[in-house]
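Notes for the one structure printed next.
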Amino acid sequence: MRVCIIAAALLVGFTGAGAQSATDPVYARAQALVSEGQGAQGRALVDSMYRISRPASAERAEALFWRATLAATAADAERDYRAIVVDHATSARVEDALLRLAQLELARRDRDGALRHLQRLSTEFPGSRQGARTNYWTARVLFEKGDLTAACAANGEALTRVAATDIELKNQIEYQQQRCRGAANVAASTTPAPAVTAPRQEPVAPPVTPRDATPSIPLEARVEPAPAARARAYSVQVAATNTRASAQSIVNRMKGRGYQARIDGTAAPFRVRVGNYSTRDAATRALNEMKAKGIEGFVAVIDAR
């Protein structure tokens, strides 16, 4: 019962925060019905959108997201969030789904499970629009685990990333930051100042240079040739997974849509990328064309090939 109550509070309190806006009025209406206590009617609207959406489409991922957000139980929500992560790896909703899954894990006190989702979100989506929120929840989990140093580092990162317009999240981060200031004060009051000992002065003998010797170049004055700069190129990354099999599945789907996708990396995370561009502008144009077709991703810097 405790898990359900906390999970429901998380889902209701977090709906729409940092997520994509509901572009379809059907979802806005469904959310309003659930908020007014007419959950069955609201969920029926979302189910209708799910039924008319095509498998593996952006519309199906959106329907799964709203069905999970408005679910009657935490188990139903978790099922649909996981379906987004596994079956819709190129959808922008994956970021939201990973964050919600972390919250659900934390609600049932599985801190390690929550941390795994949050770390995956940070690793696979470094430029995520959920960046500040991810750092905030990472800090919250680490505080509960008793890792004060890592928690304060994550919360400090959240402070640097939160948008000035996101007042509610900014207040939450600043409130949590008080725990770090308190810990710093305690550490300062209990740590003795190190003793200062004057360095021993060694006698310095004057240099002796043979009359016919050629003066040597001091080591610090020698100029070493600078290492050659590694050429950079750009690619569009559409996914990153923990297993090569799932990455290959995404590659196959991308190739089915006409893209020359590949797997970069020999260990997890296995990154699925498309194209090899000499400039960021060229990669950005390719990304924009993919987004117009419902494929999400970001420009990644790679070694030139």
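Residue numbers start at 1 in each chain; chains themselves are named A, B, ... in the order of the structure tokens; ligands are numbered from 1 in the order shown.
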Give me, as a PDB file with C-alpha atoms, in the first residue's frame, the residues of range 94-186 of chain A that a backbone DSSP run labels helix (DSSP H, G or I).
ATOM      1  CA  VAL A  94      12.566   7.333 -23.219  1.00  0.00           C
ATOM      2  CA  GLU A  95      14.081  10.069 -21.055  1.00  0.00           C
ATOM      3  CA  ASP A  96      10.783  10.597 -19.236  1.00  0.00           C
ATOM      4  CA  ALA A  97      10.240   6.855 -18.870  1.00  0.00           C
ATOM      5  CA  LEU A  98      13.661   6.239 -17.314  1.00  0.00           C
ATOM      6  CA  LEU A  99      13.120   9.034 -14.812  1.00  0.00           C
ATOM      7  CA  ARG A 100       9.665   7.734 -13.857  1.00  0.00           C
ATOM      8  CA  LEU A 101      11.036   4.201 -13.461  1.00  0.00           C
ATOM      9  CA  ALA A 102      13.691   5.546 -11.094  1.00  0.00           C
ATOM     10  CA  GLN A 103      10.999   7.251  -9.026  1.00  0.00           C
ATOM     11  CA  LEU A 104       8.983   4.055  -8.843  1.00  0.00           C
ATOM     12  CA  GLU A 105      12.043   2.116  -7.684  1.00  0.00           C
ATOM     13  CA  LEU A 106      12.740   4.714  -5.021  1.00  0.00           C
ATOM     14  CA  ALA A 107       9.119   4.580  -3.867  1.00  0.00           C
ATOM     15  CA  ARG A 111      17.646   2.658  -4.148  1.00  0.00           C
ATOM     16  CA  ASP A 112      20.142   0.697  -6.241  1.00  0.00           C
ATOM     17  CA  GLY A 113      17.476   0.046  -8.885  1.00  0.00           C
ATOM     18  CA  ALA A 114      16.594   3.753  -8.940  1.00  0.00           C
ATOM     19  CA  LEU A 115      20.245   4.684  -9.286  1.00  0.00           C
ATOM     20  CA  ARG A 116      20.700   2.330 -12.244  1.00  0.00           C
ATOM     21  CA  HIS A 117      17.903   4.057 -14.174  1.00  0.00           C
ATOM     22  CA  LEU A 118      19.265   7.514 -13.323  1.00  0.00           C
ATOM     23  CA  GLN A 119      22.826   6.590 -14.282  1.00  0.00           C
ATOM     24  CA  ARG A 120      21.588   5.171 -17.577  1.00  0.00           C
ATOM     25  CA  LEU A 121      19.706   8.401 -18.224  1.00  0.00           C
ATOM     26  CA  SER A 122      22.864  10.447 -17.557  1.00  0.00           C
ATOM     27  CA  THR A 123      25.073   8.164 -19.666  1.00  0.00           C
ATOM     28  CA  GLU A 124      22.846   7.672 -22.682  1.00  0.00           C
ATOM     29  CA  GLY A 131      19.322  16.885 -16.895  1.00  0.00           C
ATOM     30  CA  ALA A 132      18.652  19.029 -13.823  1.00  0.00           C
ATOM     31  CA  ARG A 133      15.824  16.780 -12.671  1.00  0.00           C
ATOM     32  CA  THR A 134      17.993  13.687 -13.150  1.00  0.00           C
ATOM     33  CA  ASN A 135      20.739  15.220 -11.004  1.00  0.00           C
ATOM     34  CA  TYR A 136      18.217  16.207  -8.330  1.00  0.00           C
ATOM     35  CA  TRP A 137      16.793  12.686  -8.061  1.00  0.00           C
ATOM     36  CA  THR A 138      20.263  11.164  -8.175  1.00  0.00           C
ATOM     37  CA  ALA A 139      21.226  13.338  -5.208  1.00  0.00           C
ATOM     38  CA  ARG A 140      18.040  12.349  -3.395  1.00  0.00           C
ATOM     39  CA  VAL A 141      18.810   8.638  -3.815  1.00  0.00           C
ATOM     40  CA  LEU A 142      22.433   9.130  -2.738  1.00  0.00           C
ATOM     41  CA  PHE A 143      21.342  11.053   0.365  1.00  0.00           C
ATOM     42  CA  GLU A 144      19.142   8.101   1.299  1.00  0.00           C
ATOM     43  CA  LYS A 145      22.087   5.748   0.718  1.00  0.00           C
ATOM     44  CA  LEU A 148      26.920  12.558   1.287  1.00  0.00           C
ATOM     45  CA  THR A 149      29.871  13.492  -0.922  1.00  0.00           C
ATOM     46  CA  ALA A 150      28.376  12.074  -4.124  1.00  0.00           C
ATOM     47  CA  ALA A 151      24.918  13.391  -3.207  1.00  0.00           C
ATOM     48  CA  CYS A 152      26.189  16.944  -2.794  1.00  0.00           C
ATOM     49  CA  ALA A 153      28.116  16.726  -6.069  1.00  0.00           C
ATOM     50  CA  ALA A 154      24.965  15.632  -7.926  1.00  0.00           C
ATOM     51  CA  ASN A 155      22.839  18.300  -6.264  1.00  0.00           C
ATOM     52  CA  GLY A 156      25.425  20.960  -7.074  1.00  0.00           C
ATOM     53  CA  GLU A 157      25.297  19.876 -10.719  1.00  0.00           C
ATOM     54  CA  ALA A 158      21.506  20.160 -10.605  1.00  0.00           C
ATOM     55  CA  LEU A 159      21.832  23.766  -9.406  1.00  0.00           C
ATOM     56  CA  THR A 160      23.979  24.641 -12.409  1.00  0.00           C
ATOM     57  CA  ARG A 161      21.593  23.007 -14.891  1.00  0.00           C
ATOM     58  CA  ILE A 167      10.827  27.681 -10.041  1.00  0.00           C
ATOM     59  CA  GLU A 168       9.419  24.587  -8.327  1.00  0.00           C
ATOM     60  CA  LEU A 169      12.374  22.367  -9.212  1.00  0.00           C
ATOM     61  CA  LYS A 170      14.853  25.134  -8.369  1.00  0.00           C
ATOM     62  CA  ASN A 171      13.311  25.483  -4.904  1.00  0.00           C
ATOM     63  CA  GLN A 172      13.521  21.712  -4.354  1.00  0.00           C
ATOM     64  CA  ILE A 173      17.186  21.635  -5.337  1.00  0.00           C
ATOM     65  CA  GLU A 174      18.055  24.625  -3.139  1.00  0.00           C
ATOM     66  CA  TYR A 175      16.210  23.101  -0.180  1.00  0.00           C
ATOM     67  CA  GLN A 176      18.126  19.853  -0.615  1.00  0.00           C
ATOM     68  CA  GLN A 177      21.394  21.813  -0.892  1.00  0.00           C
ATOM     69  CA  GLN A 178      21.016  22.857   2.762  1.00  0.00           C
ATOM     70  CA  ARG A 179      22.122  19.362   3.755  1.00  0.00           C
ATOM     71  CA  CYS A 180      25.422  19.969   1.974  1.00  0.00           C
ATOM     72  CA  ARG A 181      26.034  23.318   3.675  1.00  0.00           C
ATOM     73  CA  GLY A 182      25.338  21.772   7.072  1.00  0.00           C
ATOM     74  CA  ALA A 183      27.756  18.932   6.380  1.00  0.00           C
ATOM     75  CA  ALA A 184      30.449  21.383   5.263  1.00  0.00           C
ATOM     76  CA  ASN A 185      30.102  23.393   8.486  1.00  0.00           C
ATOM     77  CA  VAL A 186      30.407  20.258  10.616  1.00  0.00           C
TER      78      VAL A 186
END
Shell of 8 Å around range 236-245 of chain A, only C-alpha atoms, local chain residues under 5 positions omitted, as JSON, numbers by chain: {"A": [89, 90, 124, 250, 268, 269, 270, 271, 272, 273, 274, 275, 283, 284, 286, 287, 295, 296, 297, 298, 299, 300]}
Let's have the selection written as a short mmCIF file (atom, residue, chain, number, x, y, z; two decimals), in the first residue's frame, with C-alpha atoms.
data_model
loop_
_atom_site.label_atom_id
_atom_site.label_comp_id
_atom_site.auth_asym_id
_atom_site.auth_seq_id
_atom_site.Cartn_x
_atom_site.Cartn_y
_atom_site.Cartn_z
CA ALA A 89 14.40 3.36 -27.95
CA THR A 90 14.50 6.28 -30.41
CA GLU A 124 22.85 7.67 -22.68
CA ILE A 250 17.49 -0.84 -33.28
CA ALA A 268 28.11 -1.26 -22.88
CA PRO A 269 26.65 1.17 -23.55
CA PHE A 270 26.40 0.12 -27.21
CA ARG A 271 25.63 3.31 -29.14
CA VAL A 272 23.49 3.28 -32.27
CA ARG A 273 24.60 6.04 -34.63
CA VAL A 274 23.79 7.20 -38.14
CA GLY A 275 26.15 8.96 -40.55
CA ALA A 283 25.10 16.47 -38.59
CA THR A 284 22.54 18.91 -37.19
CA ALA A 286 20.60 15.36 -40.70
CA LEU A 287 19.23 15.24 -37.15
CA ILE A 295 13.16 9.88 -34.86
CA GLU A 296 14.81 11.47 -31.84
CA GLY A 297 18.53 11.74 -31.20
CA PHE A 298 21.42 14.15 -30.70
CA VAL A 299 24.68 15.11 -32.40
CA ALA A 300 27.64 13.14 -31.01
#
My list of candidates is A:Thr69, A:Ser91, A:Ser48, A:Gln38. Which is closest to Met290 in chain A when distances are computed with only C-alpha atoms? A:Ser91
